[in-house]
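Working notes, structure below.
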Amino acid sequence: MLGVNIINKSKDNIFVLIIKSILMSLGGVIFPVLYLFLPPMLVAESINKGIVKIIGVFSLCCAIVGLVVSPVFGALIFSVFGPMILIFHYMILKKSSINLTIFVCAGVFFLSVIVSLYSFGVTAQSLNSSESIKVFIEAQKNVLELSDIDISRSELTIMYNRMLQLLPGTLVIISLVISYVTYVITGRTLLKKGAYILQPSSFIFFRIPKGVFEAMLIVGVLIYGVQALTDYRLNILIDNVLMVFEALFTFVGVAVFLFFLNRAMRGKMLKLIILLFMFMVPGASTVFLFAGILDSLFNFRKLP
């Protein structure tokens, strides 16, 4: 009887996991933030139940989503998140270093998005087409009309082109955030179940790995050298690289702010309200950026 109960409980857990995966996948269509919680849930379960079973569950989830929404959408979810789930499972079991795991999994996610979009016909040519620009302008016009903001079509076209130019850097930042969040949630989930894995520390201790300043210097020298020795103008590449580094240092600045805020007061809700208020203050992102750079240089938090 005990063996039967264990088997039934295992089946129930798998059934609940399938339902959660389907609801998150469908809900992500309306609330994309839900996709942040889909990979960690599956990675955590893969450590307990095995990757073969979890990939089977994920495949079934994507198939059902494909029937409800569209086959293309179901295939897109699988091709974007599937490889990252596999590599996370592998690197956690291999006990790879935290930084290596985050960067490798972010790289896998980045490549998965690029390959998936290209496979489904989203290319540079299609994004630059007059049809795509028209769709963007019409969508933005509808939103801006509700806010009584008047922006000309030419300004919206410039905005769209600028978004395309910064798309690679934006995707790199999103990949790093998803990789970090997946790792953190997976580690905390397993810890609640009595299992421990190497995992990032609390966000208030977040810091950029050693060698970032050296990497910035090397990248800067290489870009300058290419521009000086050839006719290539790499302004767009420079903008994307700077945006990625600015985002990383801004995250560090937010962590520094929360670190000292955590020392000054208790109460999670109050600290969250203060942080949200800070983000609404004009120029706050610049303050966080410089705080992150200074902390990376002088280690205000005295982290070991």
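Simple scheme: letters A, B, ... for chains in structure tokens order, numbers from 1 for residues in each chain, numbers from 1 for ligands in the order shown.
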### Task
Among the residues of range 67-133 of chain A, find those DSSP assigns to helix (DSSP H, G or I) from the backbone and print them as number ranges by chain.
A: 67-68, 71-93, 98-119, 124-127, 130-133
Using only C-alpha atoms, find each residue in range 161-216 of chain A having at least one atom no more than 12 Å away from range 133-141 of chain A; report its shortest atom-to-atom pair and that distance in Å (one decimal), rows by chain then rising number, as CSV.
```
residue,atom,partner,partner_atom,distance
A:Asn161,CA,A:Ile133,CA,8.6
A:Arg162,CA,A:Ile133,CA,11.9
A:Met163,CA,A:Phe136,CA,11.0
A:Leu164,CA,A:Ile133,CA,10.7
```
### Query
Do you have the CA of Tyr90 in chain A-CA of Lys193 in chain A distance handy?
19.8 Å
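Using only C-alpha atoms, the nearest neighbour of Val72 in chain A within the list A:Lys95, A:Ile55, A:Ser116, A:Gly194 is A:Ser116.
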### Message
I want to know what sits within 10 Å of Ile238 in chain A, based on only C-alpha atoms, with residues of the same chain fewer than 2 positions away left out; could you give that as a PyMOL selection string?
### Response
chain A and resi 169+219-220+223-224+233-236+240-243
Output for the residues just chosen: all heavy atoms as an mmCIF file, in the first residue's frame:
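Written file, out_22.cif:
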```cif
data_model
loop_
_atom_site.group_PDB
_atom_site.id
_atom_site.type_symbol
_atom_site.label_atom_id
_atom_site.label_comp_id
_atom_site.auth_asym_id
_atom_site.auth_seq_id
_atom_site.Cartn_x
_atom_site.Cartn_y
_atom_site.Cartn_z
ATOM 1 N N GLY A 169 21.645 44.499 -27.600
ATOM 2 C CA GLY A 169 22.008 44.784 -26.214
ATOM 3 C C GLY A 169 20.858 44.528 -25.265
ATOM 4 O O GLY A 169 21.049 43.998 -24.164
ATOM 5 N N VAL A 219 37.510 45.689 -24.786
ATOM 6 C CA VAL A 219 36.488 45.924 -25.808
ATOM 7 C C VAL A 219 36.645 47.317 -26.401
ATOM 8 O O VAL A 219 36.558 47.504 -27.626
ATOM 9 C CB VAL A 219 35.069 45.744 -25.217
ATOM 10 C CG1 VAL A 219 34.000 46.222 -26.198
ATOM 11 C CG2 VAL A 219 34.821 44.285 -24.868
ATOM 12 N N GLY A 220 36.883 48.307 -25.540
ATOM 13 C CA GLY A 220 37.056 49.680 -26.023
ATOM 14 C C GLY A 220 38.249 49.819 -26.951
ATOM 15 O O GLY A 220 38.166 50.478 -28.000
ATOM 16 N N ILE A 223 37.451 48.068 -30.340
ATOM 17 C CA ILE A 223 36.539 48.865 -31.169
ATOM 18 C C ILE A 223 37.263 50.079 -31.749
ATOM 19 O O ILE A 223 37.120 50.388 -32.939
ATOM 20 C CB ILE A 223 35.316 49.306 -30.344
ATOM 21 C CG1 ILE A 223 34.449 48.084 -29.998
ATOM 22 C CG2 ILE A 223 34.484 50.338 -31.112
ATOM 23 C CD1 ILE A 223 33.287 48.401 -29.087
ATOM 24 N N TYR A 224 38.057 50.739 -30.908
ATOM 25 C CA TYR A 224 38.797 51.907 -31.384
ATOM 26 C C TYR A 224 39.789 51.499 -32.473
ATOM 27 O O TYR A 224 39.951 52.201 -33.490
ATOM 28 C CB TYR A 224 39.544 52.565 -30.218
ATOM 29 C CG TYR A 224 40.401 53.739 -30.640
ATOM 30 C CD1 TYR A 224 39.825 54.988 -30.881
ATOM 31 C CD2 TYR A 224 41.781 53.594 -30.814
ATOM 32 C CE1 TYR A 224 40.612 56.064 -31.282
ATOM 33 C CE2 TYR A 224 42.572 54.661 -31.208
ATOM 34 C CZ TYR A 224 41.979 55.899 -31.439
ATOM 35 O OH TYR A 224 42.755 56.962 -31.836
ATOM 36 N N ARG A 233 32.328 51.899 -39.258
ATOM 37 C CA ARG A 233 31.876 52.737 -38.157
ATOM 38 C C ARG A 233 31.040 51.861 -37.222
ATOM 39 O O ARG A 233 30.032 51.307 -37.626
ATOM 40 C CB ARG A 233 31.049 53.917 -38.673
ATOM 41 C CG ARG A 233 31.812 54.856 -39.598
ATOM 42 C CD ARG A 233 32.643 55.884 -38.816
ATOM 43 N NE ARG A 233 33.819 55.305 -38.165
ATOM 44 C CZ ARG A 233 35.019 55.238 -38.717
ATOM 45 N NH1 ARG A 233 35.220 55.680 -39.932
ATOM 46 N NH2 ARG A 233 36.026 54.719 -38.063
ATOM 47 N N LEU A 234 31.480 51.735 -35.988
ATOM 48 C CA LEU A 234 30.873 50.798 -35.054
ATOM 49 C C LEU A 234 30.068 51.507 -33.967
ATOM 50 O O LEU A 234 30.027 51.068 -32.820
ATOM 51 C CB LEU A 234 31.970 49.930 -34.413
ATOM 52 C CG LEU A 234 32.854 49.155 -35.404
ATOM 53 C CD1 LEU A 234 33.937 48.399 -34.664
ATOM 54 C CD2 LEU A 234 32.009 48.193 -36.240
ATOM 55 N N ASN A 235 29.436 52.610 -34.322
ATOM 56 C CA ASN A 235 28.693 53.384 -33.326
ATOM 57 C C ASN A 235 27.561 52.575 -32.698
ATOM 58 O O ASN A 235 27.319 52.663 -31.494
ATOM 59 C CB ASN A 235 28.121 54.651 -33.967
ATOM 60 C CG ASN A 235 29.215 55.599 -34.416
ATOM 61 O OD1 ASN A 235 30.323 55.555 -33.889
ATOM 62 N ND2 ASN A 235 28.926 56.436 -35.395
ATOM 63 N N ILE A 236 26.853 51.803 -33.523
ATOM 64 C CA ILE A 236 25.741 51.009 -33.001
ATOM 65 C C ILE A 236 26.250 49.934 -32.052
ATOM 66 O O ILE A 236 25.663 49.688 -30.989
ATOM 67 C CB ILE A 236 24.928 50.382 -34.155
ATOM 68 C CG1 ILE A 236 24.267 51.488 -34.984
ATOM 69 C CG2 ILE A 236 23.867 49.420 -33.619
ATOM 70 C CD1 ILE A 236 23.525 50.977 -36.196
ATOM 71 N N ASN A 240 25.374 49.487 -27.995
ATOM 72 C CA ASN A 240 24.873 48.252 -27.391
ATOM 73 C C ASN A 240 25.767 47.783 -26.246
ATOM 74 O O ASN A 240 25.277 47.376 -25.193
ATOM 75 C CB ASN A 240 24.771 47.154 -28.456
ATOM 76 C CG ASN A 240 23.495 47.242 -29.270
ATOM 77 O OD1 ASN A 240 22.451 46.738 -28.874
ATOM 78 N ND2 ASN A 240 23.568 47.898 -30.415
ATOM 79 N N VAL A 241 27.082 47.848 -26.451
ATOM 80 C CA VAL A 241 28.019 47.427 -25.403
ATOM 81 C C VAL A 241 27.878 48.319 -24.180
ATOM 82 O O VAL A 241 27.823 47.844 -23.032
ATOM 83 C CB VAL A 241 29.471 47.457 -25.932
ATOM 84 C CG1 VAL A 241 30.461 47.239 -24.789
ATOM 85 C CG2 VAL A 241 29.668 46.388 -27.003
ATOM 86 N N LEU A 242 27.809 49.631 -24.407
ATOM 87 C CA LEU A 242 27.659 50.567 -23.292
ATOM 88 C C LEU A 242 26.351 50.324 -22.542
ATOM 89 O O LEU A 242 26.313 50.393 -21.305
ATOM 90 C CB LEU A 242 27.710 52.010 -23.805
ATOM 91 C CG LEU A 242 29.082 52.543 -24.199
ATOM 92 C CD1 LEU A 242 28.963 53.947 -24.785
ATOM 93 C CD2 LEU A 242 30.037 52.541 -23.012
ATOM 94 N N MET A 243 25.280 50.030 -23.281
ATOM 95 C CA MET A 243 23.993 49.798 -22.638
ATOM 96 C C MET A 243 24.039 48.577 -21.722
ATOM 97 O O MET A 243 23.493 48.594 -20.614
ATOM 98 C CB MET A 243 22.900 49.613 -23.691
ATOM 99 C CG MET A 243 21.501 49.488 -23.086
ATOM 100 S SD MET A 243 20.191 49.411 -24.328
ATOM 101 C CE MET A 243 20.540 47.813 -25.047
#
```
### Query
Which residue, A:Phe206, A:Phe213, A:Tyr118, A:Phe298, has the smallest gap to Ala255 in chain A when you use only C-alpha atoms?
A:Phe206
### Query
Leaving out Pro39 in chain A and any residue of its chain fewer than 4 positions from it, which residues lie within 8 Å of it when counting only C-alpha atoms, given as a PyMOL selection string?
chain A and resi 35+43+81+84-85+182
